[in-house]
>>> print(open('final-v3.cif').read())   # mmCIF, C-alpha atoms
data_entry
loop_
_atom_site.group_PDB
_atom_site.id
_atom_site.type_symbol
_atom_site.label_atom_id
_atom_site.label_comp_id
_atom_site.auth_asym_id
_atom_site.auth_seq_id
_atom_site.Cartn_x
_atom_site.Cartn_y
_atom_site.Cartn_z
ATOM 1 C CA MET A 1 146.772 80.068 104.018
ATOM 2 C CA GLU A 2 146.819 83.864 104.118
ATOM 3 C CA ILE A 3 143.928 86.094 103.098
ATOM 4 C CA PRO A 4 145.588 87.357 99.890
ATOM 5 C CA GLU A 5 146.144 83.756 98.787
ATOM 6 C CA LYS A 6 142.493 82.887 99.489
ATOM 7 C CA LEU A 7 141.340 85.885 97.457
ATOM 8 C CA ALA A 8 143.576 84.875 94.584
ATOM 9 C CA ASN A 9 142.062 81.360 94.639
ATOM 10 C CA LEU A 10 138.512 82.812 94.673
ATOM 11 C CA LYS A 11 139.327 85.014 91.671
ATOM 12 C CA LYS A 12 140.245 81.903 89.675
ATOM 13 C CA ASP A 13 136.840 80.261 90.337
ATOM 14 C CA LYS A 14 134.515 81.485 87.525
ATOM 15 C CA LYS A 15 131.278 80.501 89.299
ATOM 16 C CA ILE A 16 132.084 82.608 92.354
ATOM 17 C CA MET A 17 133.143 85.581 90.221
ATOM 18 C CA THR A 18 129.944 85.365 88.146
ATOM 19 C CA ALA A 19 127.798 85.189 91.300
ATOM 20 C CA ALA A 20 129.630 88.176 92.804
ATOM 21 C CA ALA A 21 129.126 90.210 89.622
ATOM 22 C CA VAL A 22 125.406 89.362 89.500
ATOM 23 C CA LEU A 23 124.984 90.320 93.169
ATOM 24 C CA CYS A 24 126.771 93.639 92.590
ATOM 25 C CA LEU A 25 124.556 94.421 89.606
ATOM 26 C CA CYS A 26 121.417 93.557 91.579
ATOM 27 C CA GLY A 27 122.510 95.844 94.390
ATOM 28 C CA LEU A 28 123.155 98.711 91.986
ATOM 29 C CA LEU A 29 119.792 98.157 90.334
ATOM 30 C CA LEU A 30 118.006 98.284 93.696
ATOM 31 C CA VAL A 31 119.756 101.532 94.599
ATOM 32 C CA LEU A 32 118.788 103.022 91.239
ATOM 33 C CA LEU A 33 115.154 101.931 91.574
ATOM 34 C CA SER A 34 114.844 103.265 95.113
ATOM 35 C CA SER A 35 116.169 106.666 94.068
ATOM 36 C CA LEU A 36 113.680 106.823 91.188
ATOM 37 C CA THR A 37 110.619 105.808 93.198
ATOM 38 C CA SER A 38 111.138 107.817 96.369
ATOM 39 C CA GLY A 39 112.116 111.054 94.642
ATOM 40 C CA GLY A 40 113.650 112.347 97.851
ATOM 41 C CA LYS A 41 112.114 112.722 101.253
ATOM 42 C CA LYS A 42 110.955 115.776 103.129
ATOM 43 C CA GLU A 43 108.992 116.216 106.289
ATOM 44 C CA VAL A 44 105.359 117.245 105.864
ATOM 45 C CA PRO A 45 103.705 119.060 108.791
ATOM 46 C CA ASP A 46 100.460 117.046 108.967
ATOM 47 C CA ASN A 47 99.690 113.432 108.164
ATOM 48 C CA VAL A 48 96.065 114.183 107.290
ATOM 49 C CA GLU A 49 94.525 116.572 104.793
ATOM 50 C CA PHE A 50 90.817 117.384 104.763
ATOM 51 C CA SER A 51 88.820 118.068 101.635
ATOM 52 C CA THR A 52 85.316 119.520 102.160
ATOM 53 C CA GLU A 53 84.115 119.222 98.576
ATOM 54 C CA SER A 54 84.994 115.553 98.236
ATOM 55 C CA GLY A 55 83.294 114.827 101.589
ATOM 56 C CA GLN A 56 80.067 116.376 100.305
ATOM 57 C CA GLU A 57 80.386 114.450 97.052
ATOM 58 C CA TYR A 58 80.854 111.228 99.022
ATOM 59 C CA CYS A 59 77.768 111.967 101.141
ATOM 60 C CA CYS A 60 75.558 112.751 98.112
ATOM 61 C CA ALA A 61 76.754 109.688 96.204
ATOM 62 C CA THR A 62 76.132 107.443 99.225
ATOM 63 C CA GLU A 63 72.642 108.907 99.708
ATOM 64 C CA GLN A 64 71.804 108.250 96.033
ATOM 65 C CA ARG A 65 73.131 104.679 96.143
ATOM 66 C CA LEU A 66 71.234 103.908 99.357
ATOM 67 C CA GLN A 67 68.028 105.426 97.953
ATOM 68 C CA SER A 68 68.265 103.274 94.832
ATOM 69 C CA PHE A 69 68.974 100.205 96.935
ATOM 70 C CA LEU A 70 66.133 100.756 99.424
ATOM 71 C CA ARG A 71 63.555 101.345 96.642
ATOM 72 C CA ASN A 72 63.956 97.654 95.784
ATOM 73 C CA ILE A 73 62.643 96.562 99.188
ATOM 74 C CA ASP A 74 59.123 95.150 98.913
ATOM 75 C CA GLY A 75 56.606 97.753 100.112
ATOM 76 C CA ALA A 76 59.105 100.625 100.471
ATOM 77 C CA GLY A 77 57.792 102.644 97.505
ATOM 78 C CA GLU A 78 59.348 106.073 96.996
ATOM 79 C CA VAL A 79 62.434 106.599 99.196
ATOM 80 C CA ARG A 80 64.351 109.700 100.340
ATOM 81 C CA VAL A 81 67.592 109.459 102.330
ATOM 82 C CA PHE A 82 69.468 112.030 104.402
ATOM 83 C CA LEU A 83 72.838 111.081 105.898
ATOM 84 C CA LYS A 84 74.711 112.774 108.731
ATOM 85 C CA VAL A 85 78.453 112.481 108.282
ATOM 86 C CA GLY A 86 81.110 113.379 110.800
ATOM 87 C CA GLY A 87 84.298 114.959 109.554
ATOM 88 C CA GLU A 88 85.442 114.909 105.987
ATOM 89 C CA GLN A 89 87.346 112.653 103.645
ATOM 90 C CA ARG A 90 90.897 112.143 104.974
ATOM 91 C CA TYR A 91 94.079 111.474 103.088
ATOM 92 C CA VAL A 92 96.642 109.443 105.024
ATOM 93 C CA TYR A 93 100.127 109.780 103.586
ATOM 94 C CA ALA A 94 102.743 107.046 103.310
ATOM 95 C CA THR A 95 105.603 107.337 105.781
ATOM 96 C CA GLU A 96 109.007 105.805 106.062
ATOM 97 C CA GLY A 97 110.622 105.303 109.447
ATOM 98 C CA ARG A 98 114.042 104.633 110.823
ATOM 99 C CA LYS A 99 115.021 103.460 114.309
ATOM 100 C CA SER A 100 118.458 103.569 115.800
ATOM 101 C CA SER A 101 119.607 102.708 119.256
ATOM 102 C CA SER A 102 122.871 103.294 120.986
ATOM 103 C CA ASP A 103 123.737 102.869 124.644
ATOM 104 C CA ASN A 104 120.450 103.390 126.498
ATOM 105 C CA LYS A 105 118.978 105.741 123.890
ATOM 106 C CA THR A 106 116.520 104.879 121.128
ATOM 107 C CA GLU A 107 116.022 107.382 118.341
ATOM 108 C CA GLU A 108 113.123 107.288 115.880
ATOM 109 C CA GLU A 109 112.778 109.309 112.699
ATOM 110 C CA GLU A 110 109.738 109.340 110.441
ATOM 111 C CA LYS A 111 109.538 111.029 107.059
ATOM 112 C CA TYR A 112 106.825 111.277 104.450
ATOM 113 C CA VAL A 113 107.366 109.656 101.070
ATOM 114 C CA LEU A 114 107.325 112.243 98.271
ATOM 115 C CA ILE A 115 106.769 111.494 94.604
ATOM 116 C CA GLY A 116 107.082 113.614 91.493
ATOM 117 C CA GLY A 117 109.672 115.102 89.240
ATOM 118 C CA SER A 118 111.502 118.383 89.072
ATOM 119 C CA SER A 119 108.264 120.310 88.416
ATOM 120 C CA GLY A 120 106.913 119.531 91.869
ATOM 121 C CA LYS A 121 106.701 116.903 94.541
ATOM 122 C CA ASN A 122 103.642 115.610 96.347
ATOM 123 C CA ALA A 123 103.246 113.324 99.317
ATOM 124 C CA LEU A 124 102.334 109.750 98.394
ATOM 125 C CA ILE A 125 98.758 108.973 99.487
ATOM 126 C CA GLU A 126 98.592 105.631 101.276
ATOM 127 C CA THR A 127 94.837 105.513 101.927
ATOM 128 C CA ILE A 128 91.783 107.696 101.581
ATOM 129 C CA ASP A 129 89.455 107.331 104.544
ATOM 130 C CA ALA A 130 85.803 108.077 103.798
ATOM 131 C CA PRO A 131 83.918 110.324 106.215
ATOM 132 C CA GLU A 132 82.247 108.446 109.060
ATOM 133 C CA ILE A 133 78.481 108.127 108.750
ATOM 134 C CA GLU A 134 76.927 109.089 112.084
ATOM 135 C CA GLY A 135 73.255 108.685 111.292
ATOM 136 C CA ALA A 136 70.514 108.410 108.679
ATOM 137 C CA VAL A 137 66.957 109.603 108.196
ATOM 138 C CA ILE A 138 64.979 107.558 105.708
ATOM 139 C CA LEU A 139 61.553 108.558 104.456
ATOM 140 C CA CYS A 140 59.556 106.080 102.407
ATOM 141 C CA SER A 141 55.999 105.647 101.167
ATOM 142 C CA GLY A 142 55.644 102.359 103.039
ATOM 143 C CA GLY A 143 56.970 103.819 106.296
ATOM 144 C CA ASN A 144 53.703 103.111 108.177
ATOM 145 C CA ASP A 145 54.027 99.324 107.792
ATOM 146 C CA PRO A 146 56.121 97.873 110.668
ATOM 147 C CA ALA A 147 57.427 94.993 108.514
ATOM 148 C CA VAL A 148 58.667 97.415 105.827
ATOM 149 C CA ARG A 149 60.225 99.674 108.461
ATOM 150 C CA GLU A 150 62.091 96.724 109.975
ATOM 151 C CA ARG A 151 63.459 95.690 106.569
ATOM 152 C CA ILE A 152 64.529 99.301 105.908
ATOM 153 C CA TYR A 153 66.253 99.555 109.318
ATOM 154 C CA LYS A 154 68.178 96.314 108.867
ATOM 155 C CA SER A 155 69.117 96.976 105.246
ATOM 156 C CA ALA A 156 70.323 100.526 105.904
ATOM 157 C CA ALA A 157 72.282 99.452 108.993
ATOM 158 C CA ALA A 158 74.032 96.705 107.035
ATOM 159 C CA ALA A 159 74.737 98.924 104.024
ATOM 160 C CA LEU A 160 76.075 101.855 106.075
ATOM 161 C CA GLY A 161 77.828 99.864 108.784
ATOM 162 C CA ILE A 162 76.023 101.651 111.627
ATOM 163 C CA SER A 163 73.625 100.446 114.309
ATOM 164 C CA THR A 164 69.854 100.669 113.849
ATOM 165 C CA SER A 165 69.731 103.102 116.785
ATOM 166 C CA LYS A 166 71.376 105.692 114.514
ATOM 167 C CA ILE A 167 68.679 105.324 111.843
ATOM 168 C CA TYR A 168 65.206 106.868 111.793
ATOM 169 C CA VAL A 169 62.551 105.621 109.357
ATOM 170 C CA ALA A 170 59.287 107.512 108.765
ATOM 171 C CA LYS A 171 56.451 107.688 106.226
ATOM 172 C CA LEU A 172 57.017 109.959 103.245
ATOM 173 C CA LYS A 173 54.362 112.671 102.850
#
>>> encode(input="final-v3.cif", output="structure tokens")
Amino acid sequence: MEIPEKLANLKKDKKIMTAAAVLCLCGLLLVLLSSLTSGGKKEVPDNVEFSTESGQEYCCATEQRLQSFLRNIDGAGEVRVFLKVGGEQRYVYATEGRKSSSDNKTEEEEKYVLIGGSSGKNALIETIDAPEIEGAVILCSGGNDPAVRERIYKSAAAALGISTSKIYVAKLK
């Protein structure tokens, strides 16, 4: 049986023709959706953008939350918190890569995913990394009591995700 005869037989089978039509429509739909969501691709010079104001906001908000939390520790009393943060808030942008190899050569290409309409395009933010907390100074009314200090050290270390060696606890004046 020749290929043209096989094709003619396949065209007569309604199930195969329906399946082929559905597959073609699905493929077209995927192409349409991908063109709408990606909005085109363009290389962006840096993968990370720093924002000073949002880093300061993060630090102040974290200090306030930790203060409120530590006030609930038995014997702590009034609490003041100062945090030392390293760096700033970082935006990590989504990338899309492509690898191709031919002969003994491998070629890699990476582009940033851009979103937006005709008015402007922005890089798609994949994650926002909070600034790293490097240390903490905690002043509290009950800072003279060793048991209270120990509870403060352990609670702050757990809440901030840093070691107790990076925390200093003292009595509030």
>>> axis_aligned_box(input="final-v3.cif", around="stretch 53-67 of chain A", padding_each_side="8 Å", output="lines of an AutoDock Vina configuration file")
center_x = 76.5
center_y = 111.6
center_z = 98.8
size_x = 33.0
size_y = 31.3
size_z = 21.6
>>> resolve_selection(input="final-v3.cif", expression="the PyMOL selection byres ((chain A and resi 83) around 10)", output="PyMOL selection string")
chain A and resi 59-60+62-63+66+81-82+84-86+133-138+160+167
>>> atom_distance(input="final-v3.cif", atom1="atom CA of A:Gly77", atom2="atom CA of A:Tyr168")
16.6 Å
>>> atom_distance(input="final-v3.cif", atom1="atom CA of A:Leu124", atom2="atom CA of A:Leu28")
24.4 Å
>>> atom_distance(input="final-v3.cif", atom1="atom CA of A:Leu23", atom2="atom CA of A:Glu96")
25.7 Å
>>> closest_residue(input="final-v3.cif", among="A:Leu30, A:Ala94, A:Ile3, A:Val148", to="A:Asn122", atoms="only C-alpha atoms")
A:Ala94
>>> residues_near_point(input="final-v3.cif", point="(62.2, 109.3, 100.7)", cutoff="10 Å", atoms="all atoms listed in the file", output="ChimeraX atom specification")
/A:67,70-71,76-82,137-143,169-173
>>> write_last_selection(input="final-v3.cif", atoms="C-alpha atoms", output="PDB file, in the coordinates of the input")
ATOM      1  CA  GLN A  67      68.028 105.426  97.953  1.00  0.00           C
ATOM      2  CA  LEU A  70      66.133 100.756  99.424  1.00  0.00           C
ATOM      3  CA  ARG A  71      63.555 101.345  96.642  1.00  0.00           C
ATOM      4  CA  ALA A  76      59.105 100.625 100.471  1.00  0.00           C
ATOM      5  CA  GLY A  77      57.792 102.644  97.505  1.00  0.00           C
ATOM      6  CA  GLU A  78      59.348 106.073  96.996  1.00  0.00           C
ATOM      7  CA  VAL A  79      62.434 106.599  99.196  1.00  0.00           C
ATOM      8  CA  ARG A  80      64.351 109.700 100.340  1.00  0.00           C
ATOM      9  CA  VAL A  81      67.592 109.459 102.330  1.00  0.00           C
ATOM     10  CA  PHE A  82      69.468 112.030 104.402  1.00  0.00           C
ATOM     11  CA  VAL A 137      66.957 109.603 108.196  1.00  0.00           C
ATOM     12  CA  ILE A 138      64.979 107.558 105.708  1.00  0.00           C
ATOM     13  CA  LEU A 139      61.553 108.558 104.456  1.00  0.00           C
ATOM     14  CA  CYS A 140      59.556 106.080 102.407  1.00  0.00           C
ATOM     15  CA  SER A 141      55.999 105.647 101.167  1.00  0.00           C
ATOM     16  CA  GLY A 142      55.644 102.359 103.039  1.00  0.00           C
ATOM     17  CA  GLY A 143      56.970 103.819 106.296  1.00  0.00           C
ATOM     18  CA  VAL A 169      62.551 105.621 109.357  1.00  0.00           C
ATOM     19  CA  ALA A 170      59.287 107.512 108.765  1.00  0.00           C
ATOM     20  CA  LYS A 171      56.451 107.688 106.226  1.00  0.00           C
ATOM     21  CA  LEU A 172      57.017 109.959 103.245  1.00  0.00           C
ATOM     22  CA  LYS A 173      54.362 112.671 102.850  1.00  0.00           C
TER      23      LYS A 173
END
>>> closest_residue(input="final-v3.cif", among="A:Ser155, A:Gln56, A:Ser101, A:Thr95", to="A:Glu126", atoms="all atoms listed in the file")
A:Thr95
>>> closest_residue(input="final-v3.cif", among="A:Ala130, A:Leu33, A:Ile73, A:Ala8", to="A:Glu57", atoms="only C-alpha atoms")
A:Ala130
>>> closest_residue(input="final-v3.cif", among="A:Asp103, A:Glu108, A:Glu88, A:Glu150", to="A:Asp129", atoms="only C-alpha atoms")
A:Glu88
>>> build_atoms(input="final-v3.cif", residues="stretch 97-123 of chain A", atoms="N, CA, C and O atoms", output="PDB file, keeping the file's coordinate frame")
ATOM      1  N   GLY A  97     109.994 105.087 108.146  1.00  0.00           N
ATOM      2  CA  GLY A  97     110.622 105.303 109.447  1.00  0.00           C
ATOM      3  C   GLY A  97     111.978 104.658 109.572  1.00  0.00           C
ATOM      4  O   GLY A  97     112.333 103.750 108.829  1.00  0.00           O
ATOM      5  N   ARG A  98     112.715 105.170 110.551  1.00  0.00           N
ATOM      6  CA  ARG A  98     114.042 104.633 110.823  1.00  0.00           C
ATOM      7  C   ARG A  98     114.237 104.665 112.332  1.00  0.00           C
ATOM      8  O   ARG A  98     113.928 105.655 112.982  1.00  0.00           O
ATOM      9  N   LYS A  99     114.729 103.553 112.876  1.00  0.00           N
ATOM     10  CA  LYS A  99     115.021 103.460 114.309  1.00  0.00           C
ATOM     11  C   LYS A  99     116.508 103.202 114.486  1.00  0.00           C
ATOM     12  O   LYS A  99     117.094 102.410 113.753  1.00  0.00           O
ATOM     13  N   SER A 100     117.068 103.865 115.466  1.00  0.00           N
ATOM     14  CA  SER A 100     118.458 103.569 115.800  1.00  0.00           C
ATOM     15  C   SER A 100     118.596 103.613 117.309  1.00  0.00           C
ATOM     16  O   SER A 100     117.969 104.413 117.981  1.00  0.00           O
ATOM     17  N   SER A 101     119.387 102.715 117.817  1.00  0.00           N
ATOM     18  CA  SER A 101     119.607 102.708 119.256  1.00  0.00           C
ATOM     19  C   SER A 101     121.091 102.578 119.546  1.00  0.00           C
ATOM     20  O   SER A 101     121.807 101.842 118.886  1.00  0.00           O
ATOM     21  N   SER A 102     121.489 103.355 120.526  1.00  0.00           N
ATOM     22  CA  SER A 102     122.871 103.294 120.986  1.00  0.00           C
ATOM     23  C   SER A 102     122.864 103.535 122.487  1.00  0.00           C
ATOM     24  O   SER A 102     122.097 104.351 122.986  1.00  0.00           O
ATOM     25  N   ASP A 103     123.698 102.819 123.176  1.00  0.00           N
ATOM     26  CA  ASP A 103     123.737 102.869 124.644  1.00  0.00           C
ATOM     27  C   ASP A 103     122.338 102.607 125.179  1.00  0.00           C
ATOM     28  O   ASP A 103     121.756 101.600 124.913  1.00  0.00           O
ATOM     29  N   ASN A 104     121.793 103.542 125.934  1.00  0.00           N
ATOM     30  CA  ASN A 104     120.450 103.390 126.498  1.00  0.00           C
ATOM     31  C   ASN A 104     119.464 104.332 125.813  1.00  0.00           C
ATOM     32  O   ASN A 104     118.431 104.657 126.376  1.00  0.00           O
ATOM     33  N   LYS A 105     119.801 104.780 124.608  1.00  0.00           N
ATOM     34  CA  LYS A 105     118.978 105.741 123.890  1.00  0.00           C
ATOM     35  C   LYS A 105     118.431 105.115 122.613  1.00  0.00           C
ATOM     36  O   LYS A 105     119.154 104.490 121.864  1.00  0.00           O
ATOM     37  N   THR A 106     117.129 105.311 122.375  1.00  0.00           N
ATOM     38  CA  THR A 106     116.520 104.879 121.128  1.00  0.00           C
ATOM     39  C   THR A 106     116.027 106.114 120.400  1.00  0.00           C
ATOM     40  O   THR A 106     115.322 106.935 120.966  1.00  0.00           O
ATOM     41  N   GLU A 107     116.395 106.222 119.135  1.00  0.00           N
ATOM     42  CA  GLU A 107     116.022 107.382 118.341  1.00  0.00           C
ATOM     43  C   GLU A 107     115.158 106.930 117.175  1.00  0.00           C
ATOM     44  O   GLU A 107     115.504 105.984 116.480  1.00  0.00           O
ATOM     45  N   GLU A 108     114.014 107.610 116.979  1.00  0.00           N
ATOM     46  CA  GLU A 108     113.123 107.288 115.880  1.00  0.00           C
ATOM     47  C   GLU A 108     112.977 108.503 114.975  1.00  0.00           C
ATOM     48  O   GLU A 108     112.864 109.619 115.447  1.00  0.00           O
ATOM     49  N   GLU A 109     112.958 108.235 113.677  1.00  0.00           N
ATOM     50  CA  GLU A 109     112.778 109.309 112.699  1.00  0.00           C
ATOM     51  C   GLU A 109     111.748 108.839 111.691  1.00  0.00           C
ATOM     52  O   GLU A 109     111.809 107.723 111.197  1.00  0.00           O
ATOM     53  N   GLU A 110     110.765 109.694 111.399  1.00  0.00           N
ATOM     54  CA  GLU A 110     109.738 109.340 110.441  1.00  0.00           C
ATOM     55  C   GLU A 110     109.625 110.448 109.412  1.00  0.00           C
ATOM     56  O   GLU A 110     109.537 111.622 109.761  1.00  0.00           O
ATOM     57  N   LYS A 111     109.641 110.064 108.149  1.00  0.00           N
ATOM     58  CA  LYS A 111     109.538 111.029 107.059  1.00  0.00           C
ATOM     59  C   LYS A 111     108.430 110.596 106.116  1.00  0.00           C
ATOM     60  O   LYS A 111     108.127 109.426 106.002  1.00  0.00           O
ATOM     61  N   TYR A 112     107.864 111.557 105.423  1.00  0.00           N
ATOM     62  CA  TYR A 112     106.825 111.277 104.450  1.00  0.00           C
ATOM     63  C   TYR A 112     107.449 110.988 103.093  1.00  0.00           C
ATOM     64  O   TYR A 112     108.428 111.608 102.709  1.00  0.00           O
ATOM     65  N   VAL A 113     106.865 110.045 102.377  1.00  0.00           N
ATOM     66  CA  VAL A 113     107.366 109.656 101.070  1.00  0.00           C
ATOM     67  C   VAL A 113     106.816 110.644 100.038  1.00  0.00           C
ATOM     68  O   VAL A 113     105.607 110.846  99.949  1.00  0.00           O
ATOM     69  N   LEU A 114     107.718 111.284  99.293  1.00  0.00           N
ATOM     70  CA  LEU A 114     107.325 112.243  98.271  1.00  0.00           C
ATOM     71  C   LEU A 114     107.548 111.642  96.895  1.00  0.00           C
ATOM     72  O   LEU A 114     108.505 110.908  96.671  1.00  0.00           O
ATOM     73  N   ILE A 115     106.636 111.960  95.976  1.00  0.00           N
ATOM     74  CA  ILE A 115     106.769 111.494  94.604  1.00  0.00           C
ATOM     75  C   ILE A 115     106.653 112.684  93.673  1.00  0.00           C
ATOM     76  O   ILE A 115     106.108 113.721  94.035  1.00  0.00           O
ATOM     77  N   GLY A 116     107.179 112.549  92.479  1.00  0.00           N
ATOM     78  CA  GLY A 116     107.082 113.614  91.493  1.00  0.00           C
ATOM     79  C   GLY A 116     108.443 113.947  90.945  1.00  0.00           C
ATOM     80  O   GLY A 116     109.475 113.538  91.464  1.00  0.00           O
ATOM     81  N   GLY A 117     108.432 114.728  89.901  1.00  0.00           N
ATOM     82  CA  GLY A 117     109.672 115.102  89.240  1.00  0.00           C
ATOM     83  C   GLY A 117     110.148 116.468  89.656  1.00  0.00           C
ATOM     84  O   GLY A 117     109.805 116.982  90.716  1.00  0.00           O
ATOM     85  N   SER A 118     110.910 117.083  88.769  1.00  0.00           N
ATOM     86  CA  SER A 118     111.502 118.383  89.072  1.00  0.00           C
ATOM     87  C   SER A 118     110.456 119.493  89.098  1.00  0.00           C
ATOM     88  O   SER A 118     110.674 120.534  89.689  1.00  0.00           O
ATOM     89  N   SER A 119     109.296 119.276  88.454  1.00  0.00           N
ATOM     90  CA  SER A 119     108.264 120.310  88.416  1.00  0.00           C
ATOM     91  C   SER A 119     107.537 120.455  89.753  1.00  0.00           C
ATOM     92  O   SER A 119     106.928 121.472  90.024  1.00  0.00           O
ATOM     93  N   GLY A 120     107.570 119.460  90.575  1.00  0.00           N
ATOM     94  CA  GLY A 120     106.913 119.531  91.869  1.00  0.00           C
ATOM     95  C   GLY A 120     106.820 118.169  92.507  1.00  0.00           C
ATOM     96  O   GLY A 120     106.779 117.155  91.819  1.00  0.00           O
ATOM     97  N   LYS A 121     106.786 118.167  93.812  1.00  0.00           N
ATOM     98  CA  LYS A 121     106.701 116.903  94.541  1.00  0.00           C
ATOM     99  C   LYS A 121     105.467 116.922  95.419  1.00  0.00           C
ATOM    100  O   LYS A 121     105.113 117.942  95.991  1.00  0.00           O
ATOM    101  N   ASN A 122     104.826 115.770  95.516  1.00  0.00           N
ATOM    102  CA  ASN A 122     103.642 115.610  96.347  1.00  0.00           C
ATOM    103  C   ASN A 122     103.840 114.409  97.252  1.00  0.00           C
ATOM    104  O   ASN A 122     104.522 113.458  96.891  1.00  0.00           O
ATOM    105  N   ALA A 123     103.184 114.456  98.398  1.00  0.00           N
ATOM    106  CA  ALA A 123     103.246 113.324  99.317  1.00  0.00           C
ATOM    107  C   ALA A 123     102.453 112.162  98.726  1.00  0.00           C
ATOM    108  O   ALA A 123     101.407 112.353  98.114  1.00  0.00           O
TER     109      ALA A 123
END
